[in-house]
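The structure appears below as structure tokens.
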Amino acid sequence: MALRSEYPRPHFVRNQWQTLNGPWFFAFDDRDEGIVQEWFRNPLPNGVQIEVPFCYQSPYSGVNIQEVHEIVWYQREFTLPPEWEGKGILLHFGAVDYHAIVWINGHLAGENKGGYASFTLDIAPFLCSGANTITVRVVDRPLTSQSRGKQKARYENFGCWYTPVTGIWQSVWLEAVGGTYLDHVRMVPDIDKGTLCIDYWLSGFEPGLTLKCDVSLDGQQVASLTTDIEEKHTFFSDIIPRRDGVLTLEIPDAQLWWPESPVLYDVKFTLLKGSQVLDEVQTYAGMRKVHAENGKIYLNNEPYYLRMILDQGFWPEGVYTPPSIDAIRYDVEMTKAFGFNGARKHQKFEDPYYYYFCDKLGLLAWCEMPAPYIYDEELCQNITSEWQQLVIQHYNHPSVMAWVPVNESWGVDQLTRKEFSGDPRLVHYLITLYHLTKCLDPTRLVVGNDGWHQAVTDIIAIHDYTQDADDLRRKYAAFKEDRHTSVFTHGNQILLDGFPYQGQPIMITEYGGVKAEEQGAEGWGYGESAKSYEEMLERMAALTQVILDEDEICGFCYTQLTDVEQEVNGLMTYDRKPKVDPDRFKAIFGVDPER
């Protein structure tokens with residue numbers, strides 16, 4: 001049985017599915033000869049077994065090799081259930097890092113570039129009766145123009161960069177659908193009007209379609225709407241009918257989603273042709289609103305102070321891949337137990353169950369683009385393409401309240417250099433990502449460049465790892481006098497020249513990172529180590545109190561939830577053991593300012 005055998009996508013569920021997690025044949029292709037030798041038509045040479053969805057660098061993969069191999073191949077057989085005959089068959093990949101090419105029975109089925117967005121292929125035309133073979137080739141070079149996040153591009157770990165991830169690292173599965181099926185939906189809650197607006201997109205089209213949407217709460221139906229899907233054309237084309245539409249449902253006496261009370265409505269979509277069910281999808285929605293106004297952040301039209309933790313999402317067993325959904329739930333539960341109401345998932349998009357548990361248990365989430373590192377045209381194309389996919393794929397989670405397309409100018413690091421003379425491409429890149437995000441999702445906040453060198457942004461996000469509370473207080477006083485100041489970490493301006501402060505909410509979105517010597521002399525952290533866990537707690541409390549005392553600061557994000565490999569400044573060890581009683585952390589981080 002596969003280590004990760006659960007249904008992989010809890011926010012868009014179909015009943016007819018089959019996991020492809022588990023043992024696959026696996027081979028390195030250091031000479032890049034697999035395509036020429038047609039490995040996609042033959043058994044992989046010198047193949048070993050790997051446990052999908054764990055990357056070869058991880059212990060749970062069964063391979064557990066730390067060497068750099070830029071090209072890898074996967075292969076396995078599968079057989080479809082007899083009742084799936086005549087149906088459309090979708091092949092889903094949760095995430096593959098980085099460039100994947102997929103063959104079914106030797107036929108090219110499709111490809112995808114990007115390390116974090118999911119992708120789907122319709123493989124029905126390539127299938128045969130009985131056993132079928134899927135082959136995947138993945139190319140993952142340590143290039144600065146692709147999304148890498150915190151994956152090292154050196155032979156050894158260093159600072160706060162860690163084990164890299166190559167190939168499949170999220171679940172792979174099959175689904176059976178009708179010839180026409182629901183491709184995706186976008187659910188837009190409006191708590192002011194008491195409505196849930198649903199944009200939907202179909203794959204395929206045929207006459208006589210009906211879409212039914214049922215909304216329920218605690219098993220009781222609260223809204224239902226059925227619409228006939230008519231063939232529609234635009235003025236510019238009468239060749240292909242439009243495959244999208246809109247439903248608006250009134251939600252009477254809507255119960256709102258809060259971290260303290262995460263109410264979720266069950267939503268069921270049924271696509272019919274007459275009485276025949278072509279597709280059926282189960283999902284959920286939360287009625288909540290996020291906005292910024294007058295220097296404050298509002299949740300459901302009420303000022304809301306953000307107490308967040310930075311979470312990098314690495315595991316000793318699986319590197320990027322959580323060992324189980326219980327492990328994911330544990331991280332969310334401990335985040336709340338430590339007193340936080342939100343998490344900034346740093347330089348990674350996480351397993352879908354992470355956002356599911358944030359939705360279900362009540363934890364606000366910031367979604368951040370894993371960084372490339374040196375700007376060029378290829379970087380611009382790669383990141384804008386993958387970022388759009390990620391925003392669309394995570395839109396429906398009520399827990400997601402903010403998008404972070406850039407962190408600390410990574411990818412446009414020329415901005416941090418003293419010789420920077422105003423390369424307009426870099427500034428336009430920052431502005432473009434902000435507005436591109438707003439084009440896809442105007443309902444959430446966008447942090448344009450988390451940390452410094454901010455141009456257009458909804459939140460002024462400041463990073464500073466000063467370990468002395470009095471020093472942090474002095475720095476913030478200087479910032480109040482000059483919003484473009486460079487007194488914080490690394491001496492970078494908070495706002496770029498030409499972009500004045502416009503009354504946005506202000507947050508300290510990275511601070512702390514305190515390491516304690518009780519873990520030994522080895523390991524990396526920010527600043528001088530605390531001599532003991534007691535001194536660590538005292539420093540955490542003093543730094544946090546400075547932030548709480550500043551009236552115009554709307555929240556904080558402490559670094560970090562867990563140790564990660566050589567970085568040992570987490571509230572928990574890498575194997576998820578709290579360093580002190582959780583209530584002692586909660587006494588520091590679980591308190592709102594007195595205002």
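Simple scheme: letters A, B, ... for chains in structure tokens order, numbers from 1 for residues in each chain, numbers from 1 for ligands in the order shown.
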
Extract, using only C-alpha atoms, all DNA, RNA and protein residues at most 6 Å from segment 202-214 of chain A, discarding same-chain residues fewer than 6 positions from it, and format them as a PyMOL selection string.
chain A and resi 180-183+224-229+243+267-273

Would you save the residues from that selection as a PDB file, in the first residue's frame, using C-alpha atoms?
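Result saved to out.pdb:
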ATOM      1  CA  THR A 180     -17.883  16.935 -20.849  1.00  0.00           C
ATOM      2  CA  TYR A 181     -16.863  17.723 -17.290  1.00  0.00           C
ATOM      3  CA  LEU A 182     -16.328  20.565 -14.847  1.00  0.00           C
ATOM      4  CA  ASP A 183     -12.803  21.875 -15.364  1.00  0.00           C
ATOM      5  CA  SER A 224     -29.809  25.443  -4.572  1.00  0.00           C
ATOM      6  CA  LEU A 225     -29.698  26.606  -8.170  1.00  0.00           C
ATOM      7  CA  THR A 226     -30.033  24.783 -11.481  1.00  0.00           C
ATOM      8  CA  THR A 227     -29.196  26.363 -14.812  1.00  0.00           C
ATOM      9  CA  ASP A 228     -29.387  25.208 -18.408  1.00  0.00           C
ATOM     10  CA  ILE A 229     -26.070  25.638 -20.198  1.00  0.00           C
ATOM     11  CA  ARG A 243     -17.481  26.954 -21.979  1.00  0.00           C
ATOM     12  CA  VAL A 267     -21.015  22.762  -2.077  1.00  0.00           C
ATOM     13  CA  LYS A 268     -21.977  20.073  -4.584  1.00  0.00           C
ATOM     14  CA  PHE A 269     -21.894  20.472  -8.376  1.00  0.00           C
ATOM     15  CA  THR A 270     -23.749  18.058 -10.656  1.00  0.00           C
ATOM     16  CA  LEU A 271     -23.373  18.288 -14.430  1.00  0.00           C
ATOM     17  CA  LEU A 272     -26.229  16.539 -16.254  1.00  0.00           C
ATOM     18  CA  LYS A 273     -27.383  15.752 -19.742  1.00  0.00           C
TER      19      LYS A 273
END

As a tab-separated table (two decimals) with N, CA and C atoms, in the first residue's frame, please: the residues near Tyr354 of chain A (cut-off 10 Å, only C-alpha atoms, same-chain neighbours under 5 positions excluded).
chain	number	residue	atom	x	y	z
A	313	GLY	N	7.77	24.37	5.56
A	313	GLY	CA	7.21	23.16	4.97
A	313	GLY	C	8.22	22.12	4.53
A	322	PRO	N	5.07	16.00	2.86
A	322	PRO	CA	4.71	15.56	4.22
A	322	PRO	C	4.56	14.04	4.26
A	325	ILE	N	-1.07	12.86	5.97
A	325	ILE	CA	-1.97	13.99	6.21
A	325	ILE	C	-2.07	14.28	7.70
A	327	ALA	N	0.46	14.37	9.66
A	327	ALA	CA	1.60	15.26	9.90
A	327	ALA	C	1.25	16.69	9.51
A	328	ILE	N	0.50	16.85	8.44
A	328	ILE	CA	0.07	18.19	8.01
A	328	ILE	C	-0.88	18.78	9.05
A	329	ARG	N	-1.85	17.99	9.46
A	329	ARG	CA	-2.81	18.47	10.45
A	329	ARG	C	-2.10	18.86	11.75
A	330	TYR	N	-1.11	18.07	12.15
A	330	TYR	CA	-0.37	18.36	13.37
A	330	TYR	C	0.29	19.74	13.29
A	331	ASP	N	0.91	20.07	12.16
A	331	ASP	CA	1.56	21.37	12.03
A	331	ASP	C	0.55	22.51	12.17
A	332	VAL	N	-0.62	22.36	11.57
A	332	VAL	CA	-1.65	23.40	11.69
A	332	VAL	C	-2.14	23.49	13.13
A	345	LYS	N	3.33	30.66	4.63
A	345	LYS	CA	4.01	29.50	4.05
A	345	LYS	C	5.12	30.05	3.16
A	349	PHE	N	4.64	26.46	-2.18
A	349	PHE	CA	3.22	26.14	-2.15
A	349	PHE	C	3.11	24.72	-1.64
A	359	ASP	N	-8.35	25.79	6.24
A	359	ASP	CA	-9.77	26.11	6.07
A	359	ASP	C	-10.61	25.50	7.18
A	360	LYS	N	-10.36	24.23	7.46
A	360	LYS	CA	-11.22	23.46	8.36
A	360	LYS	C	-10.99	23.80	9.83
A	365	ALA	N	-3.77	32.11	5.96
A	365	ALA	CA	-2.57	31.71	5.23
A	365	ALA	C	-2.18	32.78	4.22

Excluding Ile198 of chain A and any residue of its chain fewer than 5 positions from it, enumerate the residues within 8 Å of it, using only C-alpha atoms, and give them as a count of residues only.
7

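Checking A:Pro82, A:Gly339, A:Gly498, A:Gly503 one by one against Leu571 of chain A, counting only C-alpha atoms, you find the shortest gap at A:Gly339.
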
Any idea what's packed within 9 Å of Phe93 of chain A, counting only C-alpha atoms, ignoring anything in its chain fewer than 6 positions away? Could you give it as a count of residues only?
10

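We find atom CA of Asn105 of chain A and atom CA of Ala2 of chain A to be spaced 23.0 Å apart.
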
Alpha helix (DSSP H) per DSSP on the backbone: members of segment 344-375 of chain A, as a VMD selection string
chain A and resid 352 to 361

What is the distance between atom CA of Ser5 of chain A and atom CA of Ser399 of chain A, in Å to one decimal?
25.0 Å

Residues within 7 Å of segment 401-415 of chain A, only C-alpha atoms, excluding chain neighbours under 2 positions, as a PyMOL selection string
chain A and resi 290+364-369+371-375+399+417+420+426+433+444-453

Once you have the residues from the selection above, write them out as a PDB file, in the first residue's frame, restricted to N, CA and C atoms.
ATOM      1  N   VAL A 290     -11.769  40.016   3.166  1.00  0.00           N
ATOM      2  CA  VAL A 290     -10.500  40.601   3.591  1.00  0.00           C
ATOM      3  C   VAL A 290     -10.316  41.923   2.863  1.00  0.00           C
ATOM      4  N   LEU A 364      -5.386  31.496   9.104  1.00  0.00           N
ATOM      5  CA  LEU A 364      -5.168  32.330   7.926  1.00  0.00           C
ATOM      6  C   LEU A 364      -3.838  31.977   7.275  1.00  0.00           C
ATOM      7  N   ALA A 365      -3.770  32.108   5.958  1.00  0.00           N
ATOM      8  CA  ALA A 365      -2.570  31.708   5.226  1.00  0.00           C
ATOM      9  C   ALA A 365      -2.182  32.781   4.218  1.00  0.00           C
ATOM     10  N   TRP A 366      -0.878  33.040   4.145  1.00  0.00           N
ATOM     11  CA  TRP A 366      -0.304  33.831   3.059  1.00  0.00           C
ATOM     12  C   TRP A 366       0.356  32.863   2.084  1.00  0.00           C
ATOM     13  N   CYS A 367       0.100  33.047   0.792  1.00  0.00           N
ATOM     14  CA  CYS A 367       0.679  32.199  -0.248  1.00  0.00           C
ATOM     15  C   CYS A 367       1.791  32.960  -0.953  1.00  0.00           C
ATOM     16  N   GLU A 368       2.961  32.350  -1.040  1.00  0.00           N
ATOM     17  CA  GLU A 368       4.162  33.037  -1.512  1.00  0.00           C
ATOM     18  C   GLU A 368       4.807  32.278  -2.666  1.00  0.00           C
ATOM     19  N   MET A 369       5.168  33.013  -3.701  1.00  0.00           N
ATOM     20  CA  MET A 369       5.817  32.404  -4.865  1.00  0.00           C
ATOM     21  C   MET A 369       7.226  31.965  -4.521  1.00  0.00           C
ATOM     22  N   ALA A 371      10.939  31.528  -5.031  1.00  0.00           N
ATOM     23  CA  ALA A 371      11.703  32.503  -5.797  1.00  0.00           C
ATOM     24  C   ALA A 371      12.599  31.886  -6.853  1.00  0.00           C
ATOM     25  N   PRO A 372      12.752  32.606  -7.977  1.00  0.00           N
ATOM     26  CA  PRO A 372      13.924  32.455  -8.832  1.00  0.00           C
ATOM     27  C   PRO A 372      15.008  33.374  -8.266  1.00  0.00           C
ATOM     28  N   TYR A 373      16.133  33.513  -8.955  1.00  0.00           N
ATOM     29  CA  TYR A 373      17.195  34.268  -8.280  1.00  0.00           C
ATOM     30  C   TYR A 373      17.894  35.348  -9.097  1.00  0.00           C
ATOM     31  N   ILE A 374      17.945  35.280 -10.405  1.00  0.00           N
ATOM     32  CA  ILE A 374      18.585  36.346 -11.191  1.00  0.00           C
ATOM     33  C   ILE A 374      17.677  36.680 -12.361  1.00  0.00           C
ATOM     34  N   TYR A 375      17.303  37.950 -12.461  1.00  0.00           N
ATOM     35  CA  TYR A 375      16.319  38.369 -13.454  1.00  0.00           C
ATOM     36  C   TYR A 375      16.863  38.254 -14.878  1.00  0.00           C
ATOM     37  N   SER A 399      -9.160  30.347   3.858  1.00  0.00           N
ATOM     38  CA  SER A 399      -8.034  30.664   4.734  1.00  0.00           C
ATOM     39  C   SER A 399      -7.011  31.569   4.059  1.00  0.00           C
ATOM     40  N   ARG A 417      21.678  46.201  -4.802  1.00  0.00           N
ATOM     41  CA  ARG A 417      23.079  46.554  -4.992  1.00  0.00           C
ATOM     42  C   ARG A 417      23.260  48.066  -5.022  1.00  0.00           C
ATOM     43  N   PHE A 420      23.012  49.897  -8.266  1.00  0.00           N
ATOM     44  CA  PHE A 420      21.749  49.887  -9.007  1.00  0.00           C
ATOM     45  C   PHE A 420      21.416  51.306  -9.466  1.00  0.00           C
ATOM     46  N   LEU A 426      13.219  45.815 -13.713  1.00  0.00           N
ATOM     47  CA  LEU A 426      13.024  45.234 -12.396  1.00  0.00           C
ATOM     48  C   LEU A 426      11.812  45.834 -11.695  1.00  0.00           C
ATOM     49  N   LEU A 433       3.660  42.004 -11.444  1.00  0.00           N
ATOM     50  CA  LEU A 433       3.197  40.887 -10.631  1.00  0.00           C
ATOM     51  C   LEU A 433       2.081  41.315  -9.686  1.00  0.00           C
ATOM     52  N   ARG A 444      -8.350  39.807  -2.493  1.00  0.00           N
ATOM     53  CA  ARG A 444      -7.377  39.577  -1.433  1.00  0.00           C
ATOM     54  C   ARG A 444      -6.280  40.639  -1.464  1.00  0.00           C
ATOM     55  N   LEU A 445      -5.482  40.655  -0.411  1.00  0.00           N
ATOM     56  CA  LEU A 445      -4.363  41.581  -0.316  1.00  0.00           C
ATOM     57  C   LEU A 445      -3.165  41.004  -1.071  1.00  0.00           C
ATOM     58  N   VAL A 446      -2.365  41.894  -1.646  1.00  0.00           N
ATOM     59  CA  VAL A 446      -1.151  41.506  -2.346  1.00  0.00           C
ATOM     60  C   VAL A 446       0.025  42.248  -1.721  1.00  0.00           C
ATOM     61  N   VAL A 447       1.008  41.474  -1.274  1.00  0.00           N
ATOM     62  CA  VAL A 447       2.231  42.035  -0.705  1.00  0.00           C
ATOM     63  C   VAL A 447       3.270  42.036  -1.819  1.00  0.00           C
ATOM     64  N   GLY A 448       3.552  43.211  -2.364  1.00  0.00           N
ATOM     65  CA  GLY A 448       4.287  43.302  -3.620  1.00  0.00           C
ATOM     66  C   GLY A 448       5.709  42.786  -3.568  1.00  0.00           C
ATOM     67  N   ASN A 449       6.410  43.005  -2.453  1.00  0.00           N
ATOM     68  CA  ASN A 449       7.796  42.546  -2.309  1.00  0.00           C
ATOM     69  C   ASN A 449       8.063  42.460  -0.814  1.00  0.00           C
ATOM     70  N   ASP A 450       7.811  41.308  -0.243  1.00  0.00           N
ATOM     71  CA  ASP A 450       7.826  41.155   1.210  1.00  0.00           C
ATOM     72  C   ASP A 450       9.228  41.387   1.759  1.00  0.00           C
ATOM     73  N   GLY A 451       9.377  42.412   2.596  1.00  0.00           N
ATOM     74  CA  GLY A 451      10.654  42.652   3.260  1.00  0.00           C
ATOM     75  C   GLY A 451      11.219  44.024   3.039  1.00  0.00           C
ATOM     76  N   TRP A 452      11.372  44.436   1.776  1.00  0.00           N
ATOM     77  CA  TRP A 452      11.946  45.731   1.440  1.00  0.00           C
ATOM     78  C   TRP A 452      11.772  45.999  -0.056  1.00  0.00           C
ATOM     79  N   HIS A 453      12.241  47.175  -0.488  1.00  0.00           N
ATOM     80  CA  HIS A 453      12.161  47.582  -1.896  1.00  0.00           C
ATOM     81  C   HIS A 453      10.753  47.412  -2.446  1.00  0.00           C
TER      82      HIS A 453
END

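Distance annotation: of A:Val546, A:Leu306, A:Phe479, A:Gly159, the residue with the minimal separation from Val568 of chain A is A:Gly159; atom set is only C-alpha atoms.
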
Residues at most 8 Å from Ile431 of chain A, counting only C-alpha atoms, excluding those fewer than 4 positions away in the same chain, as a PyMOL selection string?
chain A and resi 427+435+448+455-456

Just the residues within 9 Å of Glu260 of chain A, please, counting only C-alpha atoms, with nothing from its chain fewer than 6 positions along; format it as a VMD selection string.
chain A and resid 341 361 to 363

Residue subset to file, keeping N, CA and C atoms, as an mmCIF file, in the first residue's frame:
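Once everything was written out, this is again-v2.cif:
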data_model
loop_
_atom_site.group_PDB
_atom_site.id
_atom_site.type_symbol
_atom_site.label_atom_id
_atom_site.label_comp_id
_atom_site.auth_asym_id
_atom_site.auth_seq_id
_atom_site.Cartn_x
_atom_site.Cartn_y
_atom_site.Cartn_z
ATOM 1 N N ASN A 341 -2.693 33.020 14.753
ATOM 2 C CA ASN A 341 -3.938 32.929 13.986
ATOM 3 C C ASN A 341 -3.686 32.873 12.482
ATOM 4 N N LEU A 361 -9.729 24.013 10.205
ATOM 5 C CA LEU A 361 -9.399 24.239 11.612
ATOM 6 C C LEU A 361 -9.319 25.719 11.964
ATOM 7 N N GLY A 362 -9.189 26.579 10.954
ATOM 8 C CA GLY A 362 -9.182 28.017 11.207
ATOM 9 C C GLY A 362 -7.788 28.592 11.362
ATOM 10 N N LEU A 363 -7.080 28.768 10.251
ATOM 11 C CA LEU A 363 -5.756 29.398 10.268
ATOM 12 C C LEU A 363 -5.599 30.196 8.982
#
